[in-house]
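This is coords.cif. It holds mmCIF, C-alpha atoms.
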```cif
data_entry
loop_
_atom_site.label_atom_id
_atom_site.label_comp_id
_atom_site.auth_asym_id
_atom_site.auth_seq_id
_atom_site.Cartn_x
_atom_site.Cartn_y
_atom_site.Cartn_z
CA ASN A 1 11.33 15.21 -7.73
CA ALA A 2 9.22 12.73 -9.67
CA GLY A 3 9.05 10.33 -6.70
CA VAL A 4 8.29 6.78 -7.85
CA THR A 5 7.63 6.28 -11.55
CA GLN A 6 6.32 3.16 -13.27
CA THR A 7 6.09 2.13 -16.90
CA PRO A 8 3.93 1.21 -18.66
CA LYS A 9 0.63 2.53 -17.26
CA PHE A 10 -1.46 -0.06 -19.07
CA GLN A 11 -0.64 -3.36 -20.74
CA VAL A 12 -2.59 -6.19 -22.33
CA LEU A 13 -0.86 -9.54 -22.75
CA LYS A 14 -1.89 -12.88 -24.14
CA THR A 15 -1.43 -15.97 -21.99
CA GLY A 16 2.16 -17.16 -22.22
CA GLN A 17 3.67 -13.82 -23.23
CA SER A 18 6.37 -12.21 -21.15
CA MET A 19 6.93 -8.64 -20.08
CA THR A 20 8.89 -6.48 -17.66
CA LEU A 21 7.40 -3.74 -15.51
CA GLN A 22 9.81 -0.94 -14.79
CA CYS A 23 10.06 1.12 -11.61
CA ALA A 24 12.40 3.94 -10.66
CA GLN A 25 12.67 6.26 -7.67
CA ASP A 26 14.62 9.47 -7.27
CA MET A 27 14.44 9.77 -3.47
CA ASN A 28 17.68 7.89 -2.76
CA HIS A 29 15.71 5.20 -0.93
CA ASN A 30 17.36 1.94 0.00
CA SER A 31 14.30 -0.31 -0.08
CA MET A 32 11.94 -1.03 -2.95
CA TYR A 33 8.83 -3.20 -3.25
CA TRP A 34 6.43 -4.69 -5.76
CA TYR A 35 2.77 -5.23 -4.84
CA ARG A 36 -0.28 -6.42 -6.64
CA GLN A 37 -3.74 -5.07 -5.89
CA ASP A 38 -6.85 -7.17 -6.46
CA PRO A 39 -10.43 -6.25 -5.50
CA GLY A 40 -11.24 -7.09 -1.88
CA MET A 41 -7.71 -8.24 -1.11
CA GLY A 42 -5.82 -5.06 -0.43
CA LEU A 43 -2.20 -5.00 -1.57
CA ARG A 44 -0.09 -8.12 -1.45
CA LEU A 45 3.68 -8.08 -1.52
CA ILE A 46 5.26 -9.91 -4.44
CA TYR A 47 8.97 -9.20 -3.92
CA TYR A 48 11.03 -6.64 -2.14
CA SER A 49 14.60 -5.40 -2.10
CA ALA A 50 15.82 -4.19 1.27
CA SER A 51 18.93 -2.69 -0.27
CA GLU A 52 20.81 -2.63 -3.54
CA GLY A 53 22.01 -6.11 -4.38
CA THR A 54 19.40 -8.00 -2.35
CA THR A 55 15.94 -9.29 -3.19
CA ASP A 56 13.51 -11.41 -1.20
CA LYS A 57 10.18 -13.10 -1.78
CA GLY A 58 7.03 -11.62 -0.40
CA GLU A 59 3.60 -13.15 0.07
CA VAL A 60 2.83 -14.03 -3.57
CA PRO A 61 6.08 -14.50 -5.56
CA ASN A 62 5.10 -17.40 -7.82
CA GLY A 63 5.21 -16.53 -11.52
CA TYR A 64 7.35 -13.43 -11.02
CA ASN A 65 11.02 -12.50 -10.98
CA VAL A 66 12.69 -9.26 -10.00
CA SER A 67 15.93 -7.41 -10.63
CA ARG A 68 17.35 -4.60 -8.53
CA LEU A 69 19.29 -3.01 -11.33
CA ASN A 70 20.83 -0.27 -9.19
CA LYS A 71 19.73 1.83 -6.24
CA ARG A 72 17.12 3.67 -8.32
CA GLU A 73 15.55 0.88 -10.36
CA PHE A 74 13.63 -2.28 -9.50
CA SER A 75 11.96 -4.28 -12.28
CA LEU A 76 9.33 -7.01 -12.15
CA ARG A 77 9.23 -9.69 -14.84
CA LEU A 78 6.44 -12.03 -15.82
CA GLU A 79 8.05 -14.86 -17.77
CA SER A 80 4.86 -16.57 -18.94
CA ALA A 81 1.77 -14.51 -18.16
CA ALA A 82 -1.39 -16.18 -16.89
CA PRO A 83 -4.93 -14.78 -16.54
CA SER A 84 -4.51 -15.01 -12.73
CA GLN A 85 -1.86 -12.29 -13.04
CA THR A 86 -4.42 -9.77 -14.25
CA SER A 87 -4.09 -7.08 -11.62
CA VAL A 88 -2.86 -3.60 -10.83
CA TYR A 89 0.82 -3.56 -9.92
CA PHE A 90 2.35 -0.98 -7.64
CA CYS A 91 5.98 -0.25 -6.99
CA ALA A 92 6.98 1.46 -3.74
CA SER A 93 10.13 2.64 -2.02
CA SER A 94 11.13 3.58 1.50
CA GLY A 95 14.09 5.11 3.23
CA LEU A 96 14.81 4.24 6.85
CA ARG A 97 14.91 0.67 7.89
CA TYR A 98 11.70 0.13 9.84
CA ALA A 99 9.69 3.20 10.68
CA ALA A 100 9.48 5.07 7.40
CA GLU A 101 6.43 5.06 5.23
CA GLN A 102 6.48 3.63 1.75
CA TYR A 103 6.00 5.91 -1.25
CA PHE A 104 3.97 4.45 -4.09
CA GLY A 105 4.06 4.82 -7.84
CA PRO A 106 0.91 5.38 -9.93
CA GLY A 107 0.51 1.73 -10.84
CA THR A 108 0.44 -0.47 -13.95
CA ARG A 109 -2.88 -1.99 -14.95
CA LEU A 110 -2.17 -5.39 -16.52
CA THR A 111 -4.72 -7.57 -18.27
CA VAL A 112 -3.85 -11.09 -19.37
CA THR A 113 -6.28 -12.64 -21.85
CA ALA B 1 3.23 -12.64 11.33
CA GLN B 2 0.65 -9.92 11.48
CA SER B 3 -2.79 -9.75 9.90
CA VAL B 4 -4.92 -6.67 9.37
CA THR B 5 -8.70 -6.57 9.38
CA GLN B 6 -10.69 -3.64 8.15
CA LEU B 7 -14.12 -4.21 9.54
CA ASP B 8 -16.13 -2.36 6.89
CA SER B 9 -15.67 -2.87 3.17
CA GLN B 10 -18.01 -0.02 2.17
CA VAL B 11 -18.95 3.12 4.10
CA PRO B 12 -21.47 5.50 2.54
CA VAL B 13 -21.65 8.87 4.27
CA PHE B 14 -23.27 12.23 3.67
CA GLU B 15 -21.19 15.35 3.13
CA GLU B 16 -20.28 17.16 6.38
CA ALA B 17 -21.10 14.07 8.46
CA PRO B 18 -18.42 12.33 10.57
CA VAL B 19 -16.86 9.06 9.49
CA GLU B 20 -14.96 6.31 11.30
CA LEU B 21 -13.08 3.52 9.57
CA ARG B 22 -12.18 0.59 11.76
CA CYS B 23 -8.93 -1.36 11.68
CA ASN B 24 -7.81 -4.21 13.90
CA TYR B 25 -4.53 -6.06 13.70
CA SER B 26 -2.97 -9.11 15.24
CA SER B 27 0.66 -9.14 16.17
CA SER B 28 2.73 -10.48 19.02
CA VAL B 29 5.30 -7.68 18.88
CA SER B 30 5.36 -3.91 18.72
CA VAL B 31 4.19 -2.56 15.41
CA TYR B 32 4.13 0.56 13.31
CA LEU B 33 0.71 1.53 11.96
CA PHE B 34 -0.29 3.42 8.84
CA TRP B 35 -3.36 4.65 7.01
CA TYR B 36 -3.14 5.19 3.27
CA VAL B 37 -5.69 6.70 0.88
CA GLN B 38 -6.14 5.76 -2.76
CA TYR B 39 -8.11 8.12 -5.00
CA PRO B 40 -9.60 6.63 -8.17
CA ASN B 41 -6.98 5.47 -10.65
CA GLN B 42 -4.09 6.66 -8.51
CA GLY B 43 -1.42 5.18 -6.30
CA LEU B 44 -1.51 5.14 -2.51
CA GLN B 45 -0.77 8.24 -0.47
CA LEU B 46 0.06 8.31 3.23
CA LEU B 47 -2.61 9.86 5.46
CA LEU B 48 -0.94 9.33 8.82
CA LYS B 49 1.25 6.98 10.80
CA TYR B 50 1.80 5.84 14.37
CA LEU B 51 5.34 4.99 15.37
CA SER B 52 5.40 5.67 19.13
CA GLY B 53 4.37 8.25 21.70
CA SER B 54 0.93 9.86 21.74
CA THR B 55 -1.78 7.42 20.78
CA LEU B 56 -3.77 10.10 18.95
CA VAL B 57 -2.22 10.81 15.59
CA LYS B 58 -3.21 13.65 13.29
CA GLY B 59 -2.76 13.39 9.55
CA ILE B 60 -3.45 15.27 6.37
CA ASN B 61 -6.85 16.51 5.20
CA GLY B 62 -8.30 16.64 8.72
CA PHE B 63 -8.00 12.91 9.44
CA GLU B 64 -6.88 11.49 12.76
CA ALA B 65 -6.46 8.01 14.19
CA GLU B 66 -6.20 6.52 17.64
CA PHE B 67 -3.94 3.63 18.55
CA ASN B 68 -5.34 1.31 21.19
CA LYS B 69 -2.78 -1.28 22.21
CA SER B 70 -5.08 -3.32 24.46
CA GLN B 71 -7.68 -3.66 21.70
CA THR B 72 -5.05 -3.87 18.94
CA SER B 73 -6.95 -1.26 16.96
CA PHE B 74 -6.09 1.80 14.91
CA HIS B 75 -9.35 3.44 13.87
CA LEU B 76 -9.41 6.39 11.48
CA ARG B 77 -11.81 9.33 11.94
CA LYS B 78 -12.77 12.58 10.33
CA PRO B 79 -15.33 14.87 11.97
CA SER B 80 -16.75 16.31 8.74
CA VAL B 81 -16.19 14.75 5.31
CA HIS B 82 -16.17 16.37 1.90
CA ILE B 83 -17.08 14.99 -1.51
CA SER B 84 -13.34 14.93 -2.26
CA ASP B 85 -12.83 12.35 0.52
CA THR B 86 -14.45 9.72 -1.69
CA ALA B 87 -11.68 7.13 -2.01
CA GLU B 88 -10.45 3.77 -0.80
CA TYR B 89 -8.67 3.69 2.54
CA PHE B 90 -6.13 1.09 3.60
CA CYS B 91 -4.83 0.29 7.04
CA ALA B 92 -1.32 -1.19 7.12
CA VAL B 93 0.91 -2.69 9.79
CA ARG B 94 4.65 -3.09 9.88
CA GLU B 95 6.66 -5.15 12.35
CA ASN B 96 10.43 -4.88 12.71
CA ASP B 97 11.18 -5.77 9.13
CA TYR B 98 10.69 -4.26 5.71
CA LYS B 99 7.25 -5.58 4.95
CA LEU B 100 3.89 -3.88 5.21
CA SER B 101 0.74 -5.94 5.65
CA PHE B 102 -2.39 -4.29 4.28
CA GLY B 103 -6.03 -4.66 5.12
CA ALA B 104 -8.52 -5.35 2.34
CA GLY B 105 -9.54 -1.70 2.16
CA THR B 106 -12.63 0.40 2.94
CA THR B 107 -14.37 2.28 0.18
CA VAL B 108 -15.79 5.58 1.38
CA THR B 109 -18.44 7.20 -0.78
CA VAL B 110 -19.45 10.72 0.19
CA ARG B 111 -22.84 11.91 -1.05
CA ALA B 112 -24.16 15.47 -1.17
#
```
Show this structure as structure tokens.
Amino acid sequence: NAGVTQTPKFQVLKTGQSMTLQCAQDMNHNSMYWYRQDPGMGLRLIYYSASEGTTDKGEVPNGYNVSRLNKREFSLRLESAAPSQTSVYFCASSGLRYAAEQYFGPGTRLTVT
Amino acid sequence: AQSVTQLDSQVPVFEEAPVELRCNYSSSVSVYLFWYVQYPNQGLQLLLKYLSGSTLVKGINGFEAEFNKSQTSFHLRKPSVHISDTAEYFCAVRENDYKLSFGAGTTVTVRA
């Protein structure tokens, strides 16, 4: 099993450009998540999908959109990138409703100039 | 809503010495508690979790943590660290929903 995979690993964008970060999991998990990690701030939840067909805002959703394409895939889109979105983005997935741990992908390092 | 405070942002420690990383949380309901480790340029990996039962939880790589409900704490310990334990450690809390709240992280640097 590959677990949680993310593409791309690195990306540089200019302000105003758009891009989509891809995430896929092969663990048959129901729930998927997008986080951003910034120095000294831990991980902050951007959006999550409790199950296929549903998505909800997390702590910092502004400037982002998501699509739960199917049970395996959950993408994050930046419509008009801003320097404040320079960060490392992690996708995660989890199985059972409350008690299960989340499994994380390797991350995408995004720089917006 | 819960918040998570990791009391130390940086912890330098010598090889084979013990280490304790402190985590406090605030929540008005029962919670699930987790410690994750992040090695340089990698994603997060679960070290251990507390769901219920015994308050002393053992995890991978010789780590353990103790849940203290009255002090709302979940401190992580290892009796003897190795160079390979150099990493960032995150405490996380989950209430009865899908969301994890993370602390800001503690960077552990192990020196020979």
Worksheet entry | Residues matched by the PyMOL selection byres ((chain A) within 10 of (chain B)) as an MDAnalysis selection string | chainID A and resid 4 31:33 37:45 47:50 58:59 88:92 94 96:109
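Note that the spacing between CA of Gln17 (chain A) and CA of Ser93 (chain A) amounts to 27.6 Å.
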Worksheet item: Any chance you could work out the residue set of the PyMOL selection byres ((chain B and resi 62-67) around 9) here, as a list in words?
Response: Leu33, Trp35, Leu47, Leu48, Lys49, Tyr50, Ser54, Thr55, Leu56, Val57, Lys58, Gly59, Ile60, Asn61, Asn68, Lys69, Gln71, Thr72, Ser73, Phe74, His75, Leu76, Arg77, Lys78, Pro79, Ser80 and Val81 of chain B
Discussion item. When you count all atoms listed in the file, which of these residues is closest to Lys57 (chain A): A:Trp34, A:Ser84, A:Thr111, A:Gln11?
Written reply: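 For Lys57 (chain A), the nearest of the given residues is A:Trp34.
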Adding 6 Å on each side of the box along x, y and z that holds all listed atoms of region 76-95 of chain B, could you give its centre and edge lengths in Å to one decimal, as AutoDock Vina command-line options?
```
--center_x -5.2 --center_y 5.6 --center_z 5.0 --size_x 35.7 --size_y 33.5 --size_z 26.6
```
Discussion item. Which residues, named as in the file, does the PyMOL selection byres ((chain A and resi 23) around 6) pick out? Answer as number ranges by chain.
Written reply: A: 5-6, 22, 24, 73-75
Quick one: write out the picked residues with C-alpha atoms as a short mmCIF file (atom, residue, chain, number, x, y, z; two decimals), keeping the file's coordinate frame?
```cif
data_model
loop_
_atom_site.label_atom_id
_atom_site.label_comp_id
_atom_site.auth_asym_id
_atom_site.auth_seq_id
_atom_site.Cartn_x
_atom_site.Cartn_y
_atom_site.Cartn_z
CA THR A 5 7.63 6.28 -11.55
CA GLN A 6 6.32 3.16 -13.27
CA GLN A 22 9.81 -0.94 -14.79
CA ALA A 24 12.40 3.94 -10.66
CA GLU A 73 15.55 0.88 -10.36
CA PHE A 74 13.63 -2.28 -9.50
CA SER A 75 11.96 -4.28 -12.28
#
```
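Atom pair CA of Asn70 (chain A) / CA of Ser51 (chain A) has a distance of 9.4 Å (rounded to one decimal).
Remark: for Thr86 (chain A), the closest of the candidate residues A:Ala2, A:Val60, A:Leu13, A:Leu21 is A:Leu13 (distances computed over all atoms listed in the file).
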